[in-house]
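What follows is coords22.pdb (PDB, C-alpha atoms).
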ATOM      1  CA  MET J   1      21.584  47.972 -17.476
ATOM      2  CA  PRO J   2      18.697  46.362 -15.526
ATOM      3  CA  LEU J   3      18.618  42.589 -16.028
ATOM      4  CA  ILE J   4      16.456  39.874 -14.530
ATOM      5  CA  ASN J   5      17.139  36.160 -14.790
ATOM      6  CA  VAL J   6      14.393  34.133 -16.434
ATOM      7  CA  ARG J   7      15.072  30.408 -16.798
ATOM      8  CA  GLY J   8      18.816  30.939 -16.748
ATOM      9  CA  VAL J   9      18.906  33.822 -19.240
ATOM     10  CA  ASP J  10      19.420  37.445 -18.267
ATOM     11  CA  HIS J  11      16.564  39.497 -19.712
ATOM     12  CA  TYR J  12      16.782  43.244 -20.178
ATOM     13  CA  TYR J  13      13.815  45.191 -18.836
ATOM     14  CA  GLU J  14      13.004  48.778 -17.984
ATOM     15  CA  TRP J  15      10.183  50.784 -16.469
ATOM     16  CA  VAL J  16       8.809  53.866 -18.188
ATOM     17  CA  ARG J  17       6.963  55.852 -15.566
ATOM     18  CA  SER J  18       5.677  59.401 -15.285
ATOM     19  CA  THR J  19       5.045  60.316 -11.668
ATOM     20  CA  SER J  20       4.442  63.851 -10.470
ATOM     21  CA  PRO J  21       4.698  64.669  -6.751
ATOM     22  CA  ASP J  22       0.951  64.535  -6.190
ATOM     23  CA  GLU J  23       0.781  61.136  -7.887
ATOM     24  CA  SER J  24       3.625  59.514  -5.999
ATOM     25  CA  GLU J  25       1.370  57.479  -3.726
ATOM     26  CA  LYS J  26      -0.975  56.313  -6.450
ATOM     27  CA  SER J  27      -0.671  52.849  -7.946
ATOM     28  CA  LYS J  28      -1.039  52.737 -11.717
ATOM     29  CA  PRO J  29      -1.972  49.704 -13.784
ATOM     30  CA  VAL J  30       0.929  48.014 -15.571
ATOM     31  CA  MET J  31       1.199  47.868 -19.351
ATOM     32  CA  VAL J  32       3.777  45.406 -20.671
ATOM     33  CA  PHE J  33       5.139  45.714 -24.215
ATOM     34  CA  VAL J  34       6.258  42.761 -26.358
ATOM     35  CA  HIS J  35       8.340  43.454 -29.476
ATOM     36  CA  GLY J  36       8.499  41.558 -32.749
ATOM     37  CA  TRP J  37      11.061  39.366 -34.522
ATOM     38  CA  GLY J  38      14.554  40.750 -34.922
ATOM     39  CA  GLY J  39      13.889  43.855 -32.854
ATOM     40  CA  SER J  40      13.891  44.944 -29.237
ATOM     41  CA  GLY J  41      11.758  46.937 -26.854
ATOM     42  CA  LYS J  42      13.494  50.132 -27.995
ATOM     43  CA  TYR J  43      10.898  50.904 -30.660
ATOM     44  CA  TRP J  44       8.152  50.920 -28.034
ATOM     45  CA  GLN J  45       9.822  53.770 -26.123
ATOM     46  CA  ASN J  46       7.787  56.705 -27.469
ATOM     47  CA  ILE J  47       4.476  54.888 -27.125
ATOM     48  CA  ALA J  48       5.339  53.905 -23.563
ATOM     49  CA  ILE J  49       6.269  57.500 -22.697
ATOM     50  CA  ALA J  50       2.991  58.755 -24.177
ATOM     51  CA  LEU J  51       0.976  56.253 -22.092
ATOM     52  CA  SER J  52       3.024  56.574 -18.907
ATOM     53  CA  SER J  53       0.729  59.187 -17.364
ATOM     54  CA  GLU J  54      -1.924  56.458 -17.028
ATOM     55  CA  TYR J  55       0.178  53.288 -16.888
ATOM     56  CA  ASP J  56       3.456  52.054 -15.460
ATOM     57  CA  CYS J  57       4.970  50.771 -18.690
ATOM     58  CA  LEU J  58       7.228  47.719 -18.688
ATOM     59  CA  ILE J  59       9.457  47.165 -21.720
ATOM     60  CA  TYR J  60      11.586  44.033 -22.035
ATOM     61  CA  ASP J  61      13.614  42.250 -24.701
ATOM     62  CA  LEU J  62      12.676  38.720 -25.714
ATOM     63  CA  ARG J  63      15.148  35.903 -25.090
ATOM     64  CA  GLY J  64      17.849  36.002 -27.757
ATOM     65  CA  PHE J  65      17.003  39.486 -29.013
ATOM     66  CA  GLY J  66      18.005  43.071 -28.276
ATOM     67  CA  ARG J  67      19.740  43.397 -24.933
ATOM     68  CA  SER J  68      18.698  39.845 -23.947
ATOM     69  CA  ASN J  69      20.793  38.291 -26.714
ATOM     70  CA  ASP J  70      23.364  36.551 -24.508
ATOM     71  CA  LEU J  71      21.932  33.119 -23.795
ATOM     72  CA  GLY J  72      25.014  32.156 -21.774
ATOM     73  CA  GLU J  73      24.683  28.889 -19.890
ATOM     74  CA  GLY J  74      20.930  29.163 -19.553
ATOM     75  CA  GLU J  75      18.537  26.261 -19.601
ATOM     76  CA  SER J  76      18.099  24.385 -22.857
ATOM     77  CA  ILE J  77      14.873  26.030 -23.985
ATOM     78  CA  GLY J  78      13.356  25.870 -27.451
ATOM     79  CA  TYR J  79      12.186  28.760 -29.589
ATOM     80  CA  GLU J  80       8.546  27.818 -29.892
ATOM     81  CA  LEU J  81       6.176  30.690 -29.201
ATOM     82  CA  GLU J  82       4.812  28.768 -26.229
ATOM     83  CA  GLU J  83       8.254  28.915 -24.605
ATOM     84  CA  TYR J  84       8.261  32.694 -24.941
ATOM     85  CA  VAL J  85       4.837  32.718 -23.299
ATOM     86  CA  GLU J  86       6.372  30.954 -20.309
ATOM     87  CA  ASP J  87       9.272  33.423 -20.301
ATOM     88  CA  LEU J  88       6.790  36.277 -19.973
ATOM     89  CA  ALA J  89       4.807  34.561 -17.233
ATOM     90  CA  ILE J  90       7.962  33.966 -15.198
ATOM     91  CA  LEU J  91       9.186  37.522 -15.828
ATOM     92  CA  LEU J  92       5.939  38.928 -14.419
ATOM     93  CA  ALA J  93       6.057  36.570 -11.444
ATOM     94  CA  ASN J  94       9.656  37.554 -10.689
ATOM     95  CA  LEU J  95       8.644  41.222 -10.748
ATOM     96  CA  ASN J  96       5.599  40.519  -8.550
ATOM     97  CA  ILE J  97       3.133  41.695 -11.197
ATOM     98  CA  ASN J  98      -0.241  39.956 -11.112
ATOM     99  CA  ARG J  99      -2.316  41.974 -13.598
ATOM    100  CA  VAL J 100      -1.319  43.690 -16.856
ATOM    101  CA  TYR J 101      -2.449  45.393 -20.006
ATOM    102  CA  LEU J 102      -0.670  43.550 -22.817
ATOM    103  CA  HIS J 103       0.619  45.557 -25.804
ATOM    104  CA  ALA J 104       2.368  43.514 -28.481
ATOM    105  CA  HIS J 105       3.569  43.647 -32.084
ATOM    106  CA  SER J 106       4.117  41.188 -34.947
ATOM    107  CA  MET J 107       5.662  37.930 -33.647
ATOM    108  CA  GLY J 108       5.291  39.423 -30.178
ATOM    109  CA  ALA J 109       1.547  39.661 -30.812
ATOM    110  CA  SER J 110       1.479  35.927 -31.569
ATOM    111  CA  ILE J 111       3.197  35.323 -28.236
ATOM    112  CA  ALA J 112       0.661  37.639 -26.601
ATOM    113  CA  THR J 113      -2.256  35.788 -28.195
ATOM    114  CA  LEU J 114      -1.073  32.516 -26.692
ATOM    115  CA  PHE J 115      -0.462  34.264 -23.370
ATOM    116  CA  LEU J 116      -4.038  35.571 -23.324
ATOM    117  CA  ASN J 117      -5.397  32.039 -23.480
ATOM    118  CA  ARG J 118      -2.961  30.468 -21.000
ATOM    119  CA  TYR J 119      -2.822  33.292 -18.467
ATOM    120  CA  GLU J 120      -6.153  35.048 -18.968
ATOM    121  CA  HIS J 121      -6.327  35.814 -15.239
ATOM    122  CA  LEU J 122      -3.239  38.031 -15.582
ATOM    123  CA  VAL J 123      -4.552  40.228 -18.405
ATOM    124  CA  GLU J 124      -7.013  43.100 -18.215
ATOM    125  CA  LYS J 125      -6.991  44.103 -21.898
ATOM    126  CA  ALA J 126      -4.733  43.588 -24.906
ATOM    127  CA  ILE J 127      -3.557  45.396 -28.030
ATOM    128  CA  LEU J 128      -2.217  43.191 -30.840
ATOM    129  CA  THR J 129      -0.518  45.123 -33.638
ATOM    130  CA  CYS J 130       0.311  43.769 -37.107
ATOM    131  CA  ASN J 131      -0.750  40.188 -36.564
ATOM    132  CA  GLY J 132      -3.304  37.784 -37.962
ATOM    133  CA  ILE J 133      -3.903  34.419 -39.592
ATOM    134  CA  PHE J 134      -2.434  33.120 -42.814
ATOM    135  CA  GLU J 135      -2.834  30.148 -45.129
ATOM    136  CA  TYR J 136      -0.278  27.382 -45.479
ATOM    137  CA  ASP J 137       1.603  27.107 -48.764
ATOM    138  CA  GLU J 138       4.273  24.415 -48.592
ATOM    139  CA  LYS J 139       6.477  25.805 -51.356
ATOM    140  CA  ALA J 140       6.166  29.400 -50.176
ATOM    141  CA  PHE J 141       6.960  28.437 -46.587
ATOM    142  CA  ALA J 142       9.949  26.343 -47.646
ATOM    143  CA  ALA J 143      11.273  29.248 -49.722
ATOM    144  CA  PHE J 144      10.678  31.670 -46.842
ATOM    145  CA  HIS J 145      12.528  29.455 -44.371
ATOM    146  CA  LYS J 146      15.435  29.006 -46.792
ATOM    147  CA  PHE J 147      15.667  32.736 -47.456
ATOM    148  CA  GLY J 148      15.273  33.480 -43.746
ATOM    149  CA  GLY J 149      18.134  31.128 -42.996
ATOM    150  CA  TYR J 150      20.403  33.023 -45.377
ATOM    151  CA  VAL J 151      19.330  36.381 -43.949
ATOM    152  CA  VAL J 152      20.066  35.268 -40.401
ATOM    153  CA  LYS J 153      23.365  33.586 -41.292
ATOM    154  CA  PHE J 154      24.932  36.366 -43.299
ATOM    155  CA  ARG J 155      24.822  39.309 -40.916
ATOM    156  CA  TYR J 156      27.818  41.569 -40.517
ATOM    157  CA  ASN J 157      28.244  44.545 -38.207
ATOM    158  CA  TRP J 158      30.041  46.528 -40.918
ATOM    159  CA  PHE J 159      26.669  46.735 -42.670
ATOM    160  CA  LEU J 160      25.818  49.538 -40.227
ATOM    161  CA  LYS J 161      28.504  51.667 -41.883
ATOM    162  CA  VAL J 162      27.167  51.219 -45.418
ATOM    163  CA  PRO J 163      25.507  54.438 -46.667
ATOM    164  CA  PHE J 164      21.711  54.160 -46.693
ATOM    165  CA  ALA J 165      21.868  50.602 -45.312
ATOM    166  CA  ASP J 166      19.179  51.473 -42.757
ATOM    167  CA  GLN J 167      16.864  52.748 -45.489
ATOM    168  CA  MET J 168      17.392  49.683 -47.655
ATOM    169  CA  PHE J 169      16.867  47.310 -44.752
ATOM    170  CA  MET J 170      13.653  48.967 -43.555
ATOM    171  CA  ALA J 171      12.152  49.682 -46.996
ATOM    172  CA  ARG J 172       9.986  46.564 -47.040
ATOM    173  CA  PHE J 173       8.723  47.214 -43.509
ATOM    174  CA  LEU J 174       7.546  50.783 -44.027
ATOM    175  CA  SER J 175       5.040  52.800 -46.013
ATOM    176  CA  ARG J 176       5.807  56.142 -44.350
ATOM    177  CA  PRO J 177       9.266  57.397 -43.357
ATOM    178  CA  ILE J 178      10.436  57.075 -39.766
ATOM    179  CA  ALA J 179      13.329  58.671 -37.894
ATOM    180  CA  LYS J 180      16.804  57.616 -39.000
ATOM    181  CA  SER J 181      17.652  56.782 -35.385
ATOM    182  CA  ASP J 182      14.781  54.267 -35.295
ATOM    183  CA  ARG J 183      15.932  52.675 -38.559
ATOM    184  CA  LEU J 184      19.497  52.346 -37.307
ATOM    185  CA  GLU J 185      18.408  50.887 -33.974
ATOM    186  CA  PHE J 186      16.274  48.252 -35.638
ATOM    187  CA  LEU J 187      19.102  47.313 -38.020
ATOM    188  CA  ALA J 188      21.559  47.086 -35.109
ATOM    189  CA  ASP J 189      19.151  44.883 -33.121
ATOM    190  CA  PHE J 190      18.719  42.586 -36.115
ATOM    191  CA  LEU J 191      22.477  42.245 -36.601
ATOM    192  CA  LEU J 192      23.062  41.477 -32.905
ATOM    193  CA  ALA J 193      20.219  38.983 -32.425
ATOM    194  CA  ASN J 194      21.297  35.529 -31.291
ATOM    195  CA  TYR J 195      21.561  33.214 -34.304
ATOM    196  CA  ASP J 196      19.670  30.283 -32.782
ATOM    197  CA  ALA J 197      16.881  32.504 -31.480
ATOM    198  CA  ALA J 198      16.512  34.412 -34.748
ATOM    199  CA  LEU J 199      16.404  31.271 -36.880
ATOM    200  CA  GLY J 200      14.413  29.195 -34.405
ATOM    201  CA  THR J 201      11.599  31.718 -34.110
ATOM    202  CA  ILE J 202      11.317  31.971 -37.908
ATOM    203  CA  LEU J 203      10.884  28.213 -38.170
ATOM    204  CA  THR J 204       8.317  27.977 -35.380
ATOM    205  CA  SER J 205       6.247  31.125 -35.867
ATOM    206  CA  VAL J 206       5.851  30.751 -39.638
ATOM    207  CA  SER J 207       4.929  27.091 -39.899
ATOM    208  CA  LYS J 208       2.174  24.698 -40.846
ATOM    209  CA  GLN J 209       1.510  24.129 -37.136
ATOM    210  CA  ALA J 210       1.063  27.870 -36.573
ATOM    211  CA  VAL J 211      -1.414  28.042 -39.475
ATOM    212  CA  ILE J 212      -3.477  25.306 -37.840
ATOM    213  CA  GLU J 213      -3.293  26.520 -34.260
ATOM    214  CA  MET J 214      -3.426  30.327 -34.401
ATOM    215  CA  PRO J 215      -7.027  30.619 -35.678
ATOM    216  CA  LYS J 216      -8.070  28.440 -32.729
ATOM    217  CA  GLU J 217      -6.194  30.743 -30.380
ATOM    218  CA  PHE J 218      -7.884  33.866 -31.741
ATOM    219  CA  LYS J 219     -11.277  32.203 -31.299
ATOM    220  CA  LYS J 220     -10.538  31.453 -27.640
ATOM    221  CA  ILE J 221      -9.534  34.969 -26.553
ATOM    222  CA  ASN J 222     -11.819  36.062 -23.750
ATOM    223  CA  VAL J 223     -10.524  39.516 -22.806
ATOM    224  CA  PRO J 224     -11.207  42.791 -24.648
ATOM    225  CA  THR J 225      -8.597  42.967 -27.392
ATOM    226  CA  LEU J 226      -7.796  45.561 -30.035
ATOM    227  CA  MET J 227      -6.168  44.435 -33.291
ATOM    228  CA  ILE J 228      -4.402  47.134 -35.294
ATOM    229  CA  SER J 229      -3.082  46.638 -38.823
ATOM    230  CA  GLY J 230      -1.126  48.837 -41.187
ATOM    231  CA  GLU J 231      -3.064  49.262 -44.424
ATOM    232  CA  LYS J 232       0.046  48.704 -46.564
ATOM    233  CA  ASP J 233       1.850  46.184 -44.395
ATOM    234  CA  GLN J 234       3.823  43.842 -46.674
ATOM    235  CA  ILE J 235       4.993  41.578 -43.848
ATOM    236  CA  ILE J 236       1.615  40.718 -42.320
ATOM    237  CA  PRO J 237      -1.008  42.180 -44.693
ATOM    238  CA  ALA J 238      -3.976  43.927 -43.120
ATOM    239  CA  GLU J 239      -6.349  41.302 -44.484
ATOM    240  CA  MET J 240      -4.774  38.739 -42.156
ATOM    241  CA  GLY J 241      -5.605  40.895 -39.141
ATOM    242  CA  ARG J 242      -9.100  41.575 -40.423
ATOM    243  CA  GLN J 243      -9.773  37.852 -40.868
ATOM    244  CA  ALA J 244      -8.512  37.065 -37.382
ATOM    245  CA  SER J 245     -10.735  39.734 -35.825
ATOM    246  CA  MET J 246     -13.807  38.200 -37.459
ATOM    247  CA  LEU J 247     -13.299  34.962 -35.530
ATOM    248  CA  ASN J 248     -14.234  36.413 -32.138
ATOM    249  CA  ASP J 249     -16.497  39.232 -30.976
ATOM    250  CA  LYS J 250     -13.961  40.077 -28.253
ATOM    251  CA  LEU J 251     -11.638  41.335 -30.986
ATOM    252  CA  GLU J 252     -11.987  44.905 -32.218
ATOM    253  CA  TYR J 253     -10.253  45.715 -35.507
ATOM    254  CA  GLN J 254      -8.698  49.015 -36.539
ATOM    255  CA  GLU J 255      -6.650  49.795 -39.643
ATOM    256  CA  ILE J 256      -4.306  52.750 -40.068
ATOM    257  CA  THR J 257      -4.107  54.045 -43.625
ATOM    258  CA  ASN J 258      -0.849  54.399 -45.516
ATOM    259  CA  THR J 259       1.234  52.606 -42.895
ATOM    260  CA  GLY J 260       3.306  49.460 -43.098
ATOM    261  CA  HIS J 261       4.564  47.055 -40.452
ATOM    262  CA  PHE J 262       5.364  49.723 -37.845
ATOM    263  CA  PRO J 263       2.250  51.918 -37.528
ATOM    264  CA  MET J 264       3.311  52.960 -34.010
ATOM    265  CA  LEU J 265       6.374  54.613 -35.586
ATOM    266  CA  GLU J 266       4.921  55.648 -38.951
ATOM    267  CA  ALA J 267       1.796  57.329 -37.563
ATOM    268  CA  GLU J 268       2.379  57.658 -33.834
ATOM    269  CA  ALA J 269      -0.377  60.183 -33.116
ATOM    270  CA  ILE J 270      -3.051  58.199 -34.964
ATOM    271  CA  TYR J 271      -1.878  54.965 -33.402
ATOM    272  CA  LEU J 272      -2.060  56.438 -29.907
ATOM    273  CA  GLU J 273      -5.520  57.843 -30.563
ATOM    274  CA  LYS J 274      -6.839  54.404 -31.518
ATOM    275  CA  VAL J 275      -5.182  52.761 -28.526
ATOM    276  CA  LYS J 276      -6.461  55.368 -26.067
ATOM    277  CA  ASN J 277      -9.981  55.248 -27.510
ATOM    278  CA  PHE J 278     -10.012  51.476 -27.091
ATOM    279  CA  LEU J 279      -8.706  51.605 -23.536
ATOM    280  CA  CYS J 280     -11.160  54.321 -22.576
ATOM    281  CA  ALA J 281     -14.175  52.703 -24.252
ATOM    282  CA  SER J 282     -13.513  49.263 -22.815
ATOM    283  CA  SER J 283     -13.006  50.762 -19.352
ATOM    284  CA  ILE J 284     -16.335  52.602 -19.579
ATOM    285  CA  PHE J 285     -18.018  49.380 -20.699
ATOM    286  CA  ALA J 286     -16.486  47.417 -17.813
ATOM    287  CA  ASN J 287     -17.635  50.037 -15.303
ATOM    288  CA  ALA J 288     -21.136  49.963 -16.768
ATOM    289  CA  GLN J 289     -21.235  46.182 -16.431
ATOM    290  CA  ASN J 290     -20.243  46.446 -12.774
TER     291      ASN J 290
END
Represent the supplied structure as structure tokens.
Amino acid sequence: MPLINVRGVDHYYEWVRSTSPDESEKSKPVMVFVHGWGGSGKYWQNIAIALSSEYDCLIYDLRGFGRSNDLGEGESIGYELEEYVEDLAILLANLNINRVYLHAHSMGASIATLFLNRYEHLVEKAILTCNGIFEYDEKAFAAFHKFGGYVVKFRYNWFLKVPFADQMFMARFLSRPIAKSDRLEFLADFLLANYDAALGTILTSVSKQAVIEMPKEFKKINVPTLMISGEKDQIIPAEMGRQASMLNDKLEYQEITNTGHFPMLEAEAIYLEKVKNFLCASSIFANAQN
């Protein structure tokens, strides 16, 4: 299992490449994928494979999640989104990568948004999926944090053996069915996530501070960015993405009908079409400008 040490924590990463003999000497641009809360880079696999003819795709697991869930004796680092931004910057530096296309989802898209404004010189273009801005409601946030604490605390591996547990767990996330293997992998990742990381990121990413700061971050983005929402997303409703995209003319908004929080899994072909159209159109525009 390929691991790289970032601030004292071993991070899982992998390359998804598609190189034919006649392409072996060509250098492709790098696309790095950032997953959301409770998951891992596994659910990006099919999208990365589909884009690997044009990009060298880098998938990694965030600190405390997936195959990076052993924090060991690493540095004492908090779980603010800004800390995950620094993790990514150091990861890229350690891999000698100085320019990327950033492709991120959910909480990972919040991390990516902050990254765009702190390390703009490292990013060519970005795709932010299922993300946006929301309003602060003290009682609702307190209830969410309390419920989230219970969800994170009471996780048991035997749950994987309960019939239909994967369907029950993913029901709120989805509008269309996805492969059973994907449901089981996401459930397993959630159960194995580090407790402190899982709880800490809930408290910091869904907070009054985030409500205040994230609209400012969307306004500051200065690289071509595509925002994709699932029409029936119950976790981060499409309206939140639409509102964020209206804050900045660098943000293009696309919505995929009848999909929930995982449009890249629920409607892979449509999702890829929108991503490829954006990448192609923005490349043509950049060439025209030059």
Assuming the chain letters and numbering stay as they are in my file, what does the PyMOL selection byres ((chain J and resi 230) around 9) actually select? List them as a PyMOL selection string. chain J and resi 129-130+175+228-229+231-234+236-238+254-263
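For the pair atom CA of J:Val32 and atom CA of J:Ser245, the separation is 21.7 Å.
Here the PyMOL selection byres ((chain J and resi 41-45) around 6) matches the residues His35, Ser40, Asn46, Ile47, Ala48, Ile59, Tyr60 and Asp61 of chain J.
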Within 9 Å of J:Leu247 using all atoms listed in the file, minus same-chain residues under 4 positions, as a PyMOL selection string: chain J and resi 215-216+218-219+243+251
Check which residues satisfy the PyMOL selection byres ((chain J and resi 100-104) around 8) in the file shown, then give them as a list in words. Pro29, Val30, Met31, Val32, Phe33, Val34, His35, Gly36, Ile97, Asn98, Arg99, His105, Ser106, Gly108, Ala109, Ala112, Leu122, Val123, Glu124, Lys125, Ala126, Ile127, Leu128 and Thr129 of chain J
With distances taken over all atoms listed in the file, which residue among J:Ser68, J:Asn131, J:Ser110, J:Gln209 lies nearest J:Asp189? J:Ser68
Mind checking which residues fall within 10 Å of stretch 180-183 of chain J, counting only C-alpha atoms, ignoring those fewer than 4 positions away in the same chain, and posting them as a list of chain:residue names? J:Lys42, J:Tyr43, J:Phe164, J:Ala165, J:Asp166, J:Gln167, J:Met168, J:Phe169, J:Met170, J:Ala171, J:Leu187, J:Ala188, J:Leu265
Two-atom distance - atom CA of J:Asn5, atom CA of J:Ile90 (Å): 9.4 Å
Could you name the residues that touch J:Glu138 at 12 Å or less, counting only C-alpha atoms, but leaving out those on the same chain fewer than 5 positions away, as a PyMOL selection string? chain J and resi 143-145+206-209+211
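Across the structure, atom CA of J:Val162 and atom CA of J:Gly66 are spaced 21.1 Å apart.
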Please provide the set of residues having any atom within 6 Å of J:Ser52, restricted to all atoms listed in the file, with same-chain residues fewer than 4 positions apart removed, written as a list of chain:residue names. J:Arg17, J:Ser18, J:Ala48, J:Asp56
Output C-alpha atoms for every residue in the selection just made, as a compact mmCIF listing (two decimals), in the coordinates of the input.
# COMPACT_ATOMS: atom_id res chain seq x y z
CA ARG J 17 6.96 55.85 -15.57
CA SER J 18 5.68 59.40 -15.28
CA ALA J 48 5.34 53.90 -23.56
CA ASP J 56 3.46 52.05 -15.46
With all atoms listed in the file as the basis for distance, which of J:Met107, J:Leu71, J:Ala140, J:Ala89 is at the shortest distance from J:Tyr119? J:Ala89
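Closest approach to J:Ile133 among J:Thr201, J:Thr113, J:Asn96, J:Ser76 is made by J:Thr113 (distances from all atoms listed in the file).
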Listed atoms of stretch 49-68 of chain J, axis-aligned box, 8 Å per side: centre and edge lengths to one decimal in Å, as JSON?
{"center_x": 8.9, "center_y": 47.5, "center_z": -22.2, "size_x": 37.7, "size_y": 39.3, "size_z": 29.6}
Nearest to J:Ala244 among J:Asn194, J:Phe134, J:Trp158, J:Val275, with distances taken over all atoms listed in the file: which residue is it?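 Looking at the shortest contact to J:Ala244, the residue is J:Phe134.
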Residues near J:Asp196, anyone? I mean within 12 Å using only C-alpha atoms, not counting same-chain ones fewer than 3 positions away, as a CSV table (one decimal) with C-alpha atoms, in the frame of the given file.
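Output contents, as saved in part-v5.csv:
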chain,number,residue,atom,x,y,z
J,38,GLY,CA,14.6,40.8,-34.9
J,63,ARG,CA,15.1,35.9,-25.1
J,64,GLY,CA,17.8,36.0,-27.8
J,65,PHE,CA,17.0,39.5,-29.0
J,69,ASN,CA,20.8,38.3,-26.7
J,70,ASP,CA,23.4,36.6,-24.5
J,71,LEU,CA,21.9,33.1,-23.8
J,76,SER,CA,18.1,24.4,-22.9
J,77,ILE,CA,14.9,26.0,-24.0
J,78,GLY,CA,13.4,25.9,-27.5
J,79,TYR,CA,12.2,28.8,-29.6
J,80,GLU,CA,8.5,27.8,-29.9
J,149,GLY,CA,18.1,31.1,-43.0
J,152,VAL,CA,20.1,35.3,-40.4
J,153,LYS,CA,23.4,33.6,-41.3
J,192,LEU,CA,23.1,41.5,-32.9
J,193,ALA,CA,20.2,39.0,-32.4
J,199,LEU,CA,16.4,31.3,-36.9
J,200,GLY,CA,14.4,29.2,-34.4
J,201,THR,CA,11.6,31.7,-34.1
J,202,ILE,CA,11.3,32.0,-37.9
J,203,LEU,CA,10.9,28.2,-38.2
J,204,THR,CA,8.3,28.0,-35.4
